[in-house]
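Undergrad: Input file: model_26.cif. Contents: mmCIF, C-alpha atoms and all ligand atoms.
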```cif
data_protein
#
loop_
_atom_site.group_PDB
_atom_site.id
_atom_site.type_symbol
_atom_site.label_atom_id
_atom_site.label_comp_id
_atom_site.auth_asym_id
_atom_site.auth_seq_id
_atom_site.Cartn_x
_atom_site.Cartn_y
_atom_site.Cartn_z
ATOM 1 C CA MET A 19 2.179 19.476 16.937
ATOM 2 C CA GLU A 20 -1.029 20.495 15.198
ATOM 3 C CA GLN A 21 -3.708 17.853 15.385
ATOM 4 C CA THR A 22 -4.755 16.538 11.998
ATOM 5 C CA ALA A 23 -8.024 15.019 10.907
ATOM 6 C CA ASP A 24 -6.295 11.656 10.995
ATOM 7 C CA ASP A 25 -5.298 12.188 14.623
ATOM 8 C CA ARG A 26 -8.877 12.955 15.580
ATOM 9 C CA TYR A 27 -10.072 9.958 13.698
ATOM 10 C CA LEU A 28 -7.532 7.637 15.269
ATOM 11 C CA THR A 29 -8.312 8.993 18.705
ATOM 12 C CA LYS A 30 -11.854 7.832 18.240
ATOM 13 C CA GLY A 31 -10.630 4.428 17.215
ATOM 14 C CA VAL A 32 -12.177 4.809 13.800
ATOM 15 C CA LEU A 33 -10.211 3.710 10.771
ATOM 16 C CA PHE A 34 -10.326 4.710 7.156
ATOM 17 C CA VAL A 35 -13.000 7.370 7.160
ATOM 18 C CA LEU A 36 -13.147 10.828 5.709
ATOM 19 C CA TYR A 37 -13.549 13.339 8.473
ATOM 20 C CA HIS A 38 -15.877 16.311 8.080
ATOM 21 C CA LYS A 39 -16.647 18.542 11.030
ATOM 22 C CA SER A 40 -20.372 18.863 10.596
ATOM 23 C CA LYS A 41 -21.152 17.056 7.374
ATOM 24 C CA PRO A 42 -22.378 13.533 7.007
ATOM 25 C CA PHE A 43 -19.735 10.968 6.094
ATOM 26 C CA THR A 44 -19.682 10.094 2.452
ATOM 27 C CA VAL A 45 -17.143 8.163 0.479
ATOM 28 C CA PHE A 46 -17.341 10.103 -2.763
ATOM 29 C CA PRO A 47 -19.081 13.360 -1.933
ATOM 30 C CA ALA A 48 -18.426 14.924 -5.314
ATOM 31 C CA MET A 49 -18.914 11.828 -7.434
ATOM 32 C CA SER A 50 -21.822 11.748 -9.814
ATOM 33 C CA ALA A 51 -24.121 8.768 -9.889
ATOM 34 C CA ARG A 52 -22.451 7.685 -13.095
ATOM 35 C CA PRO A 53 -18.685 7.550 -12.798
ATOM 36 C CA LYS A 54 -16.674 6.492 -15.804
ATOM 37 C CA PRO A 55 -16.251 2.770 -16.316
ATOM 38 C CA LEU A 56 -12.942 1.112 -15.658
ATOM 39 C CA MET A 57 -11.664 1.292 -19.212
ATOM 40 C CA ASN A 58 -9.405 -1.496 -20.377
ATOM 41 C CA ALA A 59 -9.571 -3.320 -17.070
ATOM 42 C CA PRO A 60 -8.570 -6.824 -18.065
ATOM 43 C CA VAL A 61 -10.557 -9.777 -16.829
ATOM 44 C CA PRO A 62 -8.719 -12.956 -15.930
ATOM 45 C CA PRO A 63 -9.650 -16.030 -17.945
ATOM 46 C CA GLY A 64 -12.643 -17.806 -16.499
ATOM 47 C CA ASN A 65 -13.872 -14.760 -14.603
ATOM 48 C CA SER A 66 -17.163 -13.588 -16.031
ATOM 49 C CA ALA A 67 -17.266 -10.311 -14.106
ATOM 50 C CA GLN A 68 -17.033 -7.388 -16.550
ATOM 51 C CA PRO A 69 -16.531 -3.700 -15.831
ATOM 52 C CA GLU A 70 -19.901 -2.002 -16.083
ATOM 53 C CA PRO A 71 -20.656 1.368 -17.618
ATOM 54 C CA LYS A 72 -22.948 2.356 -14.726
ATOM 55 C CA ARG A 73 -22.329 2.372 -11.030
ATOM 56 C CA PRO A 74 -24.626 2.858 -8.077
ATOM 57 C CA THR A 75 -25.181 6.225 -6.489
ATOM 58 C CA ALA A 76 -22.330 7.257 -4.195
ATOM 59 C CA PRO A 77 -22.761 5.190 -1.060
ATOM 60 C CA THR A 78 -22.911 6.539 2.435
ATOM 61 C CA LEU A 79 -19.804 5.500 4.285
ATOM 62 C CA THR A 80 -20.208 2.975 7.013
ATOM 63 C CA ILE A 81 -18.012 4.001 9.927
ATOM 64 C CA LEU A 82 -15.410 1.349 10.374
ATOM 65 C CA SER A 83 -14.062 0.609 13.807
ATOM 66 C CA PRO A 84 -12.067 -2.608 13.957
ATOM 67 C CA ASP A 85 -9.902 -3.405 16.927
ATOM 68 C CA SER A 86 -10.011 0.186 18.073
ATOM 69 C CA ASP A 87 -8.621 -0.559 21.502
ATOM 70 C CA GLU A 88 -6.174 -3.232 20.426
ATOM 71 C CA PRO A 89 -2.499 -2.312 20.257
ATOM 72 C CA ARG A 90 -1.278 -2.095 16.689
ATOM 73 C CA GLY A 91 2.056 -2.489 14.944
ATOM 74 C CA ALA A 92 5.058 -1.999 17.222
ATOM 75 C CA LEU A 93 2.818 -1.508 20.240
ATOM 76 C CA ALA A 94 1.764 -5.146 19.868
ATOM 77 C CA ALA A 95 5.369 -6.355 19.611
ATOM 78 C CA THR A 96 7.359 -8.157 22.293
ATOM 79 C CA PRO A 97 8.897 -5.999 23.588
ATOM 80 C CA PRO A 98 6.688 -3.148 22.386
ATOM 81 C CA LEU A 99 8.268 -0.096 20.791
ATOM 82 C CA PRO A 100 6.189 2.924 21.775
ATOM 83 C CA PRO A 101 6.705 6.338 20.134
ATOM 84 C CA THR A 102 8.386 7.963 23.114
ATOM 85 C CA ASP A 103 9.922 11.409 22.816
ATOM 86 C CA SER A 104 13.371 9.865 22.724
ATOM 87 C CA LEU A 105 12.422 7.452 19.906
ATOM 88 C CA LEU A 106 10.823 10.227 17.868
ATOM 89 C CA GLU A 107 13.922 12.380 18.374
ATOM 90 C CA GLU A 108 16.115 9.502 17.235
ATOM 91 C CA LEU A 109 13.972 8.926 14.131
ATOM 92 C CA ASP A 110 14.049 12.593 13.257
ATOM 93 C CA ARG A 111 17.808 12.761 13.718
ATOM 94 C CA GLU A 112 18.435 9.624 11.649
ATOM 95 C CA SER A 113 16.014 10.750 8.966
ATOM 96 C CA GLN A 114 17.936 13.976 8.474
ATOM 97 C CA ARG A 115 21.267 12.173 8.525
ATOM 98 C CA LEU A 116 20.079 9.651 5.929
ATOM 99 C CA GLU A 117 18.787 12.299 3.506
ATOM 100 C CA THR A 118 22.037 12.014 1.569
ATOM 101 C CA ALA A 119 22.468 8.251 1.983
ATOM 102 C CA SER A 120 21.817 5.750 -0.783
ATOM 103 C CA PRO A 121 18.722 3.514 -0.545
ATOM 104 C CA LYS A 122 20.957 0.543 0.194
ATOM 105 C CA GLU A 123 22.693 2.431 3.010
ATOM 106 C CA ILE A 124 19.297 3.387 4.428
ATOM 107 C CA LEU A 125 18.167 -0.246 4.333
ATOM 108 C CA SER A 126 21.398 -1.394 5.973
ATOM 109 C CA TRP A 127 20.816 1.074 8.809
ATOM 110 C CA ALA A 128 17.201 -0.089 9.182
ATOM 111 C CA VAL A 129 18.250 -3.738 9.357
ATOM 112 C CA GLN A 130 20.949 -2.984 11.948
ATOM 113 C CA ARG A 131 18.581 -0.936 14.049
ATOM 114 C CA PHE A 132 15.360 -2.984 13.860
ATOM 115 C CA ALA A 133 15.978 -6.575 12.658
ATOM 116 C CA PRO A 134 14.592 -9.113 13.330
ATOM 117 C CA LYS A 135 11.524 -6.903 13.824
ATOM 118 C CA PHE A 136 11.979 -5.211 10.465
ATOM 119 C CA THR A 137 9.672 -6.180 7.602
ATOM 120 C CA MET A 138 8.357 -5.043 4.259
ATOM 121 C CA ALA A 139 5.007 -5.176 2.498
ATOM 122 C CA THR A 140 5.144 -5.238 -1.284
ATOM 123 C CA ALA A 141 2.730 -5.167 -4.188
ATOM 124 C CA PHE A 142 5.670 -6.026 -6.498
ATOM 125 C CA GLY A 143 5.707 -2.580 -8.120
ATOM 126 C CA PRO A 144 8.937 -1.324 -9.741
ATOM 127 C CA GLU A 145 9.970 0.518 -6.583
ATOM 128 C CA GLY A 146 9.278 -2.502 -4.387
ATOM 129 C CA MET A 147 11.280 -4.683 -6.751
ATOM 130 C CA THR A 148 14.345 -2.463 -6.356
ATOM 131 C CA ILE A 149 14.035 -2.705 -2.555
ATOM 132 C CA ILE A 150 13.694 -6.491 -2.727
ATOM 133 C CA HIS A 151 16.817 -6.534 -4.910
ATOM 134 C CA MET A 152 18.739 -4.453 -2.337
ATOM 135 C CA LEU A 153 17.462 -6.519 0.589
ATOM 136 C CA ALA A 154 18.631 -9.646 -1.211
ATOM 137 C CA GLU A 155 22.119 -8.141 -0.987
ATOM 138 C CA VAL A 156 22.102 -6.684 2.531
ATOM 139 C CA ALA A 157 19.586 -8.816 4.470
ATOM 140 C CA PRO A 158 17.853 -11.576 2.470
ATOM 141 C CA GLU A 159 16.373 -13.000 5.664
ATOM 142 C CA THR A 160 14.098 -9.944 6.029
ATOM 143 C CA PRO A 161 10.474 -11.127 6.086
ATOM 144 C CA ILE A 162 8.548 -9.693 3.126
ATOM 145 C CA PHE A 163 4.835 -10.106 2.555
ATOM 146 C CA ASN A 164 2.213 -9.354 -0.063
ATOM 147 C CA LEU A 165 -1.454 -8.570 0.519
ATOM 148 C CA ASP A 166 -3.136 -11.076 -1.733
ATOM 149 C CA THR A 167 -6.612 -9.611 -2.070
ATOM 150 C CA GLY A 168 -7.766 -12.397 -4.373
ATOM 151 C CA TYR A 169 -8.022 -9.859 -7.186
ATOM 152 C CA GLN A 170 -4.360 -9.612 -8.160
ATOM 153 C CA PHE A 171 -3.243 -10.125 -11.751
ATOM 154 C CA LYS A 172 -1.766 -13.481 -12.656
ATOM 155 C CA GLU A 173 1.345 -11.559 -13.755
ATOM 156 C CA THR A 174 1.759 -10.361 -10.167
ATOM 157 C CA HIS A 175 1.594 -13.914 -8.826
ATOM 158 C CA GLU A 176 4.090 -15.000 -11.463
ATOM 159 C CA LEU A 177 6.434 -12.201 -10.411
ATOM 160 C CA ARG A 178 6.388 -13.536 -6.861
ATOM 161 C CA GLU A 179 7.646 -16.861 -8.248
ATOM 162 C CA ARG A 180 10.345 -15.102 -10.264
ATOM 163 C CA VAL A 181 11.560 -13.351 -7.099
ATOM 164 C CA LYS A 182 11.778 -16.703 -5.374
ATOM 165 C CA ALA A 183 13.731 -18.211 -8.261
ATOM 166 C CA LYS A 184 16.173 -15.298 -8.625
ATOM 167 C CA TYR A 185 16.785 -14.331 -4.998
ATOM 168 C CA GLY A 186 15.603 -17.318 -2.970
ATOM 169 C CA ILE A 187 13.253 -14.918 -1.175
ATOM 170 C CA GLU A 188 9.798 -16.346 -0.578
ATOM 171 C CA VAL A 189 7.389 -13.437 -0.285
ATOM 172 C CA GLU A 190 4.595 -14.504 2.043
ATOM 173 C CA TYR A 191 1.006 -14.074 0.923
ATOM 174 C CA LYS A 192 -1.274 -12.522 3.546
ATOM 175 C CA LEU A 193 -4.911 -13.318 2.862
ATOM 176 C CA PRO A 194 -8.217 -11.802 3.952
ATOM 177 C CA GLU A 195 -10.520 -13.970 6.042
ATOM 178 C CA LEU A 196 -12.945 -14.582 3.181
ATOM 179 C CA THR A 197 -12.228 -15.818 -0.318
ATOM 180 C CA ILE A 198 -13.510 -13.528 -3.053
ATOM 181 C CA GLU A 199 -16.399 -15.918 -3.664
ATOM 182 C CA GLU A 200 -17.399 -15.795 0.015
ATOM 183 C CA TYR A 201 -16.882 -12.030 0.177
ATOM 184 C CA GLU A 202 -18.931 -11.258 -2.924
ATOM 185 C CA SER A 203 -21.634 -13.661 -1.852
ATOM 186 C CA ALA A 204 -21.856 -12.024 1.583
ATOM 187 C CA ASN A 205 -22.085 -8.558 0.017
ATOM 188 C CA GLY A 206 -24.443 -9.229 -2.855
ATOM 189 C CA GLY A 207 -21.745 -8.911 -5.498
ATOM 190 C CA PRO A 208 -18.335 -7.330 -6.073
ATOM 191 C CA VAL A 209 -17.810 -4.570 -3.516
ATOM 192 C CA TYR A 210 -15.121 -2.930 -5.673
ATOM 193 C CA LYS A 211 -17.859 -1.803 -8.044
ATOM 194 C CA SER A 212 -19.984 0.001 -5.493
ATOM 195 C CA ASN A 213 -17.634 0.880 -2.659
ATOM 196 C CA PRO A 214 -13.914 0.407 -3.372
ATOM 197 C CA ASN A 215 -12.980 2.076 -0.081
ATOM 198 C CA GLN A 216 -14.823 -0.642 1.780
ATOM 199 C CA CYS A 217 -13.298 -3.338 -0.420
ATOM 200 C CA CYS A 218 -9.745 -1.984 0.090
ATOM 201 C CA PHE A 219 -10.412 -1.763 3.795
ATOM 202 C CA ASP A 220 -11.682 -5.331 4.062
ATOM 203 C CA ARG A 221 -9.181 -6.967 1.745
ATOM 204 C CA LYS A 222 -6.059 -4.853 2.250
ATOM 205 C CA LEU A 223 -6.035 -2.585 5.279
ATOM 206 C CA LYS A 224 -7.437 -5.041 7.803
ATOM 207 C CA VAL A 225 -4.941 -7.650 6.641
ATOM 208 C CA LEU A 226 -2.130 -5.112 6.723
ATOM 209 C CA HIS A 227 -2.937 -4.043 10.282
ATOM 210 C CA GLU A 228 -2.874 -7.674 11.339
ATOM 211 C CA SER A 229 0.392 -8.332 9.473
ATOM 212 C CA ALA A 230 2.110 -5.255 10.953
ATOM 213 C CA LYS A 231 1.466 -6.418 14.493
ATOM 214 C CA GLY A 232 4.603 -7.546 16.271
ATOM 215 C CA HIS A 233 7.087 -5.674 14.073
ATOM 216 C CA HIS A 234 8.948 -2.524 15.058
ATOM 217 C CA ALA A 235 9.593 -1.112 11.605
ATOM 218 C CA TRP A 236 8.824 -1.616 7.947
ATOM 219 C CA ALA A 237 10.140 -0.483 4.621
ATOM 220 C CA SER A 238 7.963 1.473 2.271
ATOM 221 C CA ALA A 239 8.619 1.879 -1.456
ATOM 222 C CA ILE A 240 7.122 5.338 -1.814
ATOM 223 C CA ARG A 241 8.823 8.170 -3.683
ATOM 224 C CA ARG A 242 8.231 11.792 -2.775
ATOM 225 C CA ASP A 243 7.594 12.795 -6.364
ATOM 226 C CA GLN A 244 4.657 10.388 -6.742
ATOM 227 C CA SER A 245 1.986 12.595 -5.174
ATOM 228 C CA PRO A 246 1.516 15.651 -2.937
ATOM 229 C CA ASP A 247 0.638 13.277 -0.092
ATOM 230 C CA ARG A 248 3.874 11.346 -0.503
ATOM 231 C CA ALA A 249 5.971 14.519 -0.961
ATOM 232 C CA LYS A 250 6.025 15.002 2.807
ATOM 233 C CA ALA A 251 7.381 11.533 3.602
ATOM 234 C CA PRO A 252 10.515 11.511 5.779
ATOM 235 C CA ILE A 253 13.218 8.919 5.185
ATOM 236 C CA VAL A 254 12.514 7.586 8.676
ATOM 237 C CA GLY A 255 9.442 8.454 10.703
ATOM 238 C CA TRP A 256 6.700 7.172 12.943
ATOM 239 C CA ASP A 257 3.764 5.708 11.038
ATOM 240 C CA ARG A 258 0.809 6.849 13.120
ATOM 241 C CA LYS A 259 -1.735 4.873 11.174
ATOM 242 C CA PHE A 260 -0.006 1.531 11.622
ATOM 243 C CA GLN A 261 1.932 2.431 14.773
ATOM 244 C CA LEU A 262 5.436 1.463 13.773
ATOM 245 C CA VAL A 263 8.561 2.993 12.292
ATOM 246 C CA LYS A 264 8.306 3.589 8.559
ATOM 247 C CA ILE A 265 11.460 3.693 6.455
ATOM 248 C CA SER A 266 11.274 5.049 2.925
ATOM 249 C CA PRO A 267 14.657 4.405 1.299
ATOM 250 C CA LEU A 268 13.442 5.592 -2.123
ATOM 251 C CA ALA A 269 11.950 8.867 -0.892
ATOM 252 C CA ASN A 270 14.533 10.898 -2.808
ATOM 253 C CA TRP A 271 14.522 8.741 -5.907
ATOM 254 C CA THR A 272 12.776 9.460 -9.182
ATOM 255 C CA LYS A 273 10.986 7.070 -11.473
ATOM 256 C CA LYS A 274 14.039 7.285 -13.742
ATOM 257 C CA ASP A 275 16.332 6.212 -10.883
ATOM 258 C CA VAL A 276 14.122 3.189 -10.255
ATOM 259 C CA TRP A 277 14.032 2.054 -13.863
ATOM 260 C CA SER A 278 17.743 2.715 -14.363
ATOM 261 C CA LEU A 279 18.522 0.265 -11.554
ATOM 262 C CA ILE A 280 16.001 -2.282 -12.858
ATOM 263 C CA THR A 281 17.653 -2.154 -16.270
ATOM 264 C CA ALA A 282 21.249 -2.105 -15.009
ATOM 265 C CA GLU A 283 20.758 -4.975 -12.557
ATOM 266 C CA ASP A 284 18.239 -6.976 -14.595
ATOM 267 C CA ILE A 285 15.746 -6.861 -11.757
ATOM 268 C CA PRO A 286 12.521 -8.774 -12.506
ATOM 269 C CA TYR A 287 9.419 -6.609 -12.919
ATOM 270 C CA ASN A 288 5.763 -6.964 -13.791
ATOM 271 C CA PRO A 289 5.375 -7.322 -17.594
ATOM 272 C CA LEU A 290 2.184 -5.253 -17.394
ATOM 273 C CA HIS A 291 4.425 -2.187 -17.054
ATOM 274 C CA ASP A 292 5.380 -2.740 -20.684
ATOM 275 C CA GLN A 293 1.693 -2.808 -21.670
ATOM 276 C CA GLY A 294 0.682 0.659 -20.441
ATOM 277 C CA TYR A 295 0.201 -0.062 -16.754
ATOM 278 C CA PRO A 296 2.658 2.127 -14.799
ATOM 279 C CA SER A 297 0.913 1.211 -11.531
ATOM 280 C CA VAL A 298 -0.504 -2.263 -10.992
ATOM 281 C CA GLY A 299 -2.978 -3.124 -8.269
ATOM 282 C CA CYS A 300 -5.996 -5.412 -8.380
ATOM 283 C CA TRP A 301 -7.277 -6.192 -11.863
ATOM 284 C CA PRO A 302 -10.789 -4.744 -11.383
ATOM 285 C CA CYS A 303 -9.364 -1.372 -10.302
ATOM 286 C CA THR A 304 -6.447 -0.991 -12.689
ATOM 287 C CA ARG A 305 -6.443 0.132 -16.302
ATOM 288 C CA ALA A 306 -3.759 1.096 -18.776
ATOM 289 C CA VAL A 307 -3.073 4.841 -18.892
ATOM 290 C CA LEU A 308 -3.012 7.050 -21.947
ATOM 291 C CA PRO A 309 0.078 9.017 -23.021
ATOM 292 C CA GLY A 310 0.372 12.122 -20.842
ATOM 293 C CA GLU A 311 -1.857 10.810 -18.059
ATOM 294 C CA ASP A 312 -0.625 10.715 -14.463
ATOM 295 C CA GLU A 313 1.021 7.395 -13.615
ATOM 296 C CA ARG A 314 -1.587 6.611 -10.954
ATOM 297 C CA SER A 315 -4.598 7.666 -13.048
ATOM 298 C CA GLY A 316 -5.134 4.037 -14.026
ATOM 299 C CA ARG A 317 -5.966 3.113 -10.453
ATOM 300 C CA TRP A 318 -9.640 3.267 -9.381
ATOM 301 C CA SER A 319 -10.421 5.102 -12.591
ATOM 302 C CA GLY A 320 -13.867 6.683 -12.354
ATOM 303 C CA PHE A 321 -13.678 7.136 -8.600
ATOM 304 C CA LYS A 322 -12.317 9.951 -6.513
ATOM 305 C CA LYS A 323 -9.752 7.621 -5.056
ATOM 306 C CA THR A 324 -6.033 7.461 -5.710
ATOM 307 C CA GLU A 325 -4.717 5.558 -2.698
ATOM 308 C CA CYS A 326 -5.804 2.336 -1.049
ATOM 309 C CA GLY A 327 -5.105 3.977 2.313
ATOM 310 C CA LEU A 328 -1.756 2.338 3.030
ATOM 311 C CA HIS A 329 0.354 5.423 2.543
ATOM 312 C CA SER A 330 -2.078 8.312 2.944
ATOM 313 C CA SER A 331 -1.831 10.115 6.260
HETATM 314 S S1 LIG A 401 -7.957 -2.344 -5.325
HETATM 315 FE FE1 LIG A 401 -10.082 -2.795 -5.943
HETATM 316 S S2 LIG A 401 -10.345 -5.029 -5.853
HETATM 317 FE FE2 LIG A 401 -8.430 -4.481 -4.752
HETATM 318 S S3 LIG A 401 -9.027 -4.359 -2.627
HETATM 319 FE FE3 LIG A 401 -9.179 -2.271 -3.459
HETATM 320 S S4 LIG A 401 -11.278 -2.035 -4.252
HETATM 321 FE FE4 LIG A 401 -10.925 -4.238 -3.846
#
```
Write out the structure in this file as structure tokens.
TA:
Amino acid sequence: MEQTADDRYLTKGVLFVLYHKSKPFTVFPAMSARPKPLMNAPVPPGNSAQPEPKRPTAPTLTILSPDSDEPRGALAATPPLPPTDSLLEELDRESQRLETASPKEILSWAVQRFAPKFTMATAFGPEGMTIIHMLAEVAPETPIFNLDTGYQFKETHELRERVKAKYGIEVEYKLPELTIEEYESANGGPVYKSNPNQCCFDRKLKVLHESAKGHHAWASAIRRDQSPDRAKAPIVGWDRKFQLVKISPLANWTKKDVWSLITAEDIPYNPLHDQGYPSVGCWPCTRAVLPGEDERSGRWSGFKKTECGLHSS
């Protein structure tokens, strides 16, 4: 298999960097010193931080190398599940077989094959809500967690409570080491303004790596039609970044499929979706989108960044 930039980067035990053969590492190499402000980014009551029209010059990326030698994901499980040739062959075979299966059938297979070491991370997006709804039917005991960065909308926290009330499923919050007050104080202010890659790394990816440890497989809510990066996602495959099996039951679904199920089954969803926010992340990095804009254009608006790094390869 051809070695990708990500492979080279992982080999060096370096996470979440942009790889350039002979160029210096930069986070936003093409970004001007004055990216657009985060338009319409709402500010929770009591929070005085406001989106600013100016941002610092594109920062030089600090190379990040946490836990480079530590086993991750399924390799840290008991027993570990390493990506042997036979496992990869099995995943490939099952992925092809499940191409025509329904999302619920795919989840049922995943539960049978990997529970109790099967989990799911959710940001409570529409896709994730449909998976939670299906898991409530086929395996409500599946552990589900949410990366609570400290910057989530109150509507997102309220949705977690609605899930608990409707399904009896208590989504576990996974928290970064530092509160946002401690984090901003240690960094001289909000890091999302100057270096969102660093902020996502510290408050999402590090927590996610820690949370994935000990599991063999997890469900992802990505759809292939969301982005060119996601278009290549298999139904079942080995997640090299997090080192565990990744199952994407909605890979073949469209946005219309997702919303049809939400409507038909009265699945709870984030009310911000009705206010122009097709994709909801942290409040400082999310804005409403305009008619005709891409559904993820409201995320990290003003930066050359469209993914937090969870699903990019
Ligand atoms: S989405 Fe924004 S606030 Fe949330 S972790 Fe990433 S940079 Fe920080």
Undergrad: To verify the selection step, state as a CSV table (one decimal) with C-alpha atoms, in the frame of the given file which residues the PyMOL selection byres (((not hetatm)) within 8 of (chain A and resi 401)) yields on this input.
TA:
```
chain,number,residue,atom,x,y,z
A,167,THR,CA,-6.6,-9.6,-2.1
A,168,GLY,CA,-7.8,-12.4,-4.4
A,169,TYR,CA,-8.0,-9.9,-7.2
A,170,GLN,CA,-4.4,-9.6,-8.2
A,209,VAL,CA,-17.8,-4.6,-3.5
A,210,TYR,CA,-15.1,-2.9,-5.7
A,211,LYS,CA,-17.9,-1.8,-8.0
A,213,ASN,CA,-17.6,0.9,-2.7
A,214,PRO,CA,-13.9,0.4,-3.4
A,215,ASN,CA,-13.0,2.1,-0.1
A,216,GLN,CA,-14.8,-0.6,1.8
A,217,CYS,CA,-13.3,-3.3,-0.4
A,218,CYS,CA,-9.7,-2.0,0.1
A,219,PHE,CA,-10.4,-1.8,3.8
A,220,ASP,CA,-11.7,-5.3,4.1
A,221,ARG,CA,-9.2,-7.0,1.7
A,222,LYS,CA,-6.1,-4.9,2.2
A,299,GLY,CA,-3.0,-3.1,-8.3
A,300,CYS,CA,-6.0,-5.4,-8.4
A,301,TRP,CA,-7.3,-6.2,-11.9
A,302,PRO,CA,-10.8,-4.7,-11.4
A,303,CYS,CA,-9.4,-1.4,-10.3
A,304,THR,CA,-6.4,-1.0,-12.7
A,317,ARG,CA,-6.0,3.1,-10.5
A,318,TRP,CA,-9.6,3.3,-9.4
A,326,CYS,CA,-5.8,2.3,-1.0
```
Undergrad: Expand the PyMOL selection byres (((chain A and resi 94) around 12) and not hetatm) into the explicit residue set it covers here, and present it as a PDB file with C-alpha atoms, keeping the file's coordinate frame.
TA:
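In the end it all went to part_19.pdb:
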```pdb
ATOM      1  CA  ASP A  87      -8.621  -0.559  21.502  1.00  0.00           C
ATOM      2  CA  GLU A  88      -6.174  -3.232  20.426  1.00  0.00           C
ATOM      3  CA  PRO A  89      -2.499  -2.312  20.257  1.00  0.00           C
ATOM      4  CA  ARG A  90      -1.278  -2.095  16.689  1.00  0.00           C
ATOM      5  CA  GLY A  91       2.056  -2.489  14.944  1.00  0.00           C
ATOM      6  CA  ALA A  92       5.058  -1.999  17.222  1.00  0.00           C
ATOM      7  CA  LEU A  93       2.818  -1.508  20.240  1.00  0.00           C
ATOM      8  CA  ALA A  95       5.369  -6.355  19.611  1.00  0.00           C
ATOM      9  CA  THR A  96       7.359  -8.157  22.293  1.00  0.00           C
ATOM     10  CA  PRO A  97       8.897  -5.999  23.588  1.00  0.00           C
ATOM     11  CA  PRO A  98       6.688  -3.148  22.386  1.00  0.00           C
ATOM     12  CA  LEU A  99       8.268  -0.096  20.791  1.00  0.00           C
ATOM     13  CA  PRO A 100       6.189   2.924  21.775  1.00  0.00           C
ATOM     14  CA  LYS A 135      11.524  -6.903  13.824  1.00  0.00           C
ATOM     15  CA  HIS A 227      -2.937  -4.043  10.282  1.00  0.00           C
ATOM     16  CA  GLU A 228      -2.874  -7.674  11.339  1.00  0.00           C
ATOM     17  CA  SER A 229       0.392  -8.332   9.473  1.00  0.00           C
ATOM     18  CA  ALA A 230       2.110  -5.255  10.953  1.00  0.00           C
ATOM     19  CA  LYS A 231       1.466  -6.418  14.493  1.00  0.00           C
ATOM     20  CA  GLY A 232       4.603  -7.546  16.271  1.00  0.00           C
ATOM     21  CA  HIS A 233       7.087  -5.674  14.073  1.00  0.00           C
ATOM     22  CA  HIS A 234       8.948  -2.524  15.058  1.00  0.00           C
ATOM     23  CA  PHE A 260      -0.006   1.531  11.622  1.00  0.00           C
ATOM     24  CA  GLN A 261       1.932   2.431  14.773  1.00  0.00           C
ATOM     25  CA  LEU A 262       5.436   1.463  13.773  1.00  0.00           C
TER      26      LEU A 262
END
```
Undergrad: Could you check which of A:Val307, A:Ile265, A:Ile162, A:Ala183 is closest to A:Ala141, using only C-alpha atoms?
TA: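 Going through A:Val307, A:Ile265, A:Ile162, A:Ala183 one by one, the smallest distance to A:Ala141 is for A:Ile162.
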Undergrad: Specify as an NGL selection string each residue included when the PyMOL selection byres (((chain A and resi 129) around 10) and not hetatm) is applied to this file.
TA: :A and (123-128 or 130-137 or 153 or 156-157 or 160 or 235-237)
Undergrad: Using all atoms listed in the file, can you tell me which of A:Leu193, A:Ala306, A:Val276, A:Val181 comes closest to A:Pro144?
TA: A:Val276
Undergrad: Name the residues in contact with A:Ala269 at a cut-off of 7 Å, using all atoms listed in the file, excluding same-chain residues fewer than 3 positions from it; report them as a PyMOL selection string.
TA: chain A and resi 240-242+251+253+266
Undergrad: Taking (13.9, 12.2, 11.7) in the file's coordinates, which residues come within 12 Å, counting only C-alpha atoms, written as a list in words?
TA: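 The distance filter leaves exactly Asp103, Ser104, Leu105, Leu106, Glu107, Glu108, Leu109, Asp110, Arg111, Glu112, Ser113, Gln114, Arg115, Leu116, Glu117, Ala251, Pro252, Ile253, Val254, Gly255, Trp256, Val263, Lys264, Ile265 and Ser266 of chain A.
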Undergrad: By how many Å are atom CA of A:His291 and atom CA of A:Lys274 apart?
TA: 13.9 Å
Undergrad: Separation of atom CA of A:Tyr191 and atom CA of A:Leu223, in Å?
TA: 14.2 Å
Undergrad: So that I can see what lies close to A:Asp284, please list as a PyMOL selection string the residues with an atom at most 12 Å from it, counting all atoms listed in the file and leaving out residues fewer than 3 positions away in the same chain.
TA: chain A and resi 144+147-148+151+181+184+276-281+287
Undergrad: Would you compute the distance between atom CA of A:Asn270 and atom CA of A:Met138? Give it in Å to one decimal.
TA: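 Distance between the two atoms: 18.5 Å.
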Undergrad: Counting only C-alpha atoms, find the residues whose atoms lie at most 10 Å from (1.0, -1.9, -21.2) (file coordinates) and write them out as a PDB file with C-alpha atoms, in the coordinates of the input.
TA:
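To be explicit, this is the file written out as result_29.pdb:
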```pdb
ATOM      1  CA  PRO A 289       5.375  -7.322 -17.594  1.00  0.00           C
ATOM      2  CA  LEU A 290       2.184  -5.253 -17.394  1.00  0.00           C
ATOM      3  CA  HIS A 291       4.425  -2.187 -17.054  1.00  0.00           C
ATOM      4  CA  ASP A 292       5.380  -2.740 -20.684  1.00  0.00           C
ATOM      5  CA  GLN A 293       1.693  -2.808 -21.670  1.00  0.00           C
ATOM      6  CA  GLY A 294       0.682   0.659 -20.441  1.00  0.00           C
ATOM      7  CA  TYR A 295       0.201  -0.062 -16.754  1.00  0.00           C
ATOM      8  CA  PRO A 296       2.658   2.127 -14.799  1.00  0.00           C
ATOM      9  CA  ARG A 305      -6.443   0.132 -16.302  1.00  0.00           C
ATOM     10  CA  ALA A 306      -3.759   1.096 -18.776  1.00  0.00           C
ATOM     11  CA  VAL A 307      -3.073   4.841 -18.892  1.00  0.00           C
ATOM     12  CA  LEU A 308      -3.012   7.050 -21.947  1.00  0.00           C
TER      13      LEU A 308
END
```
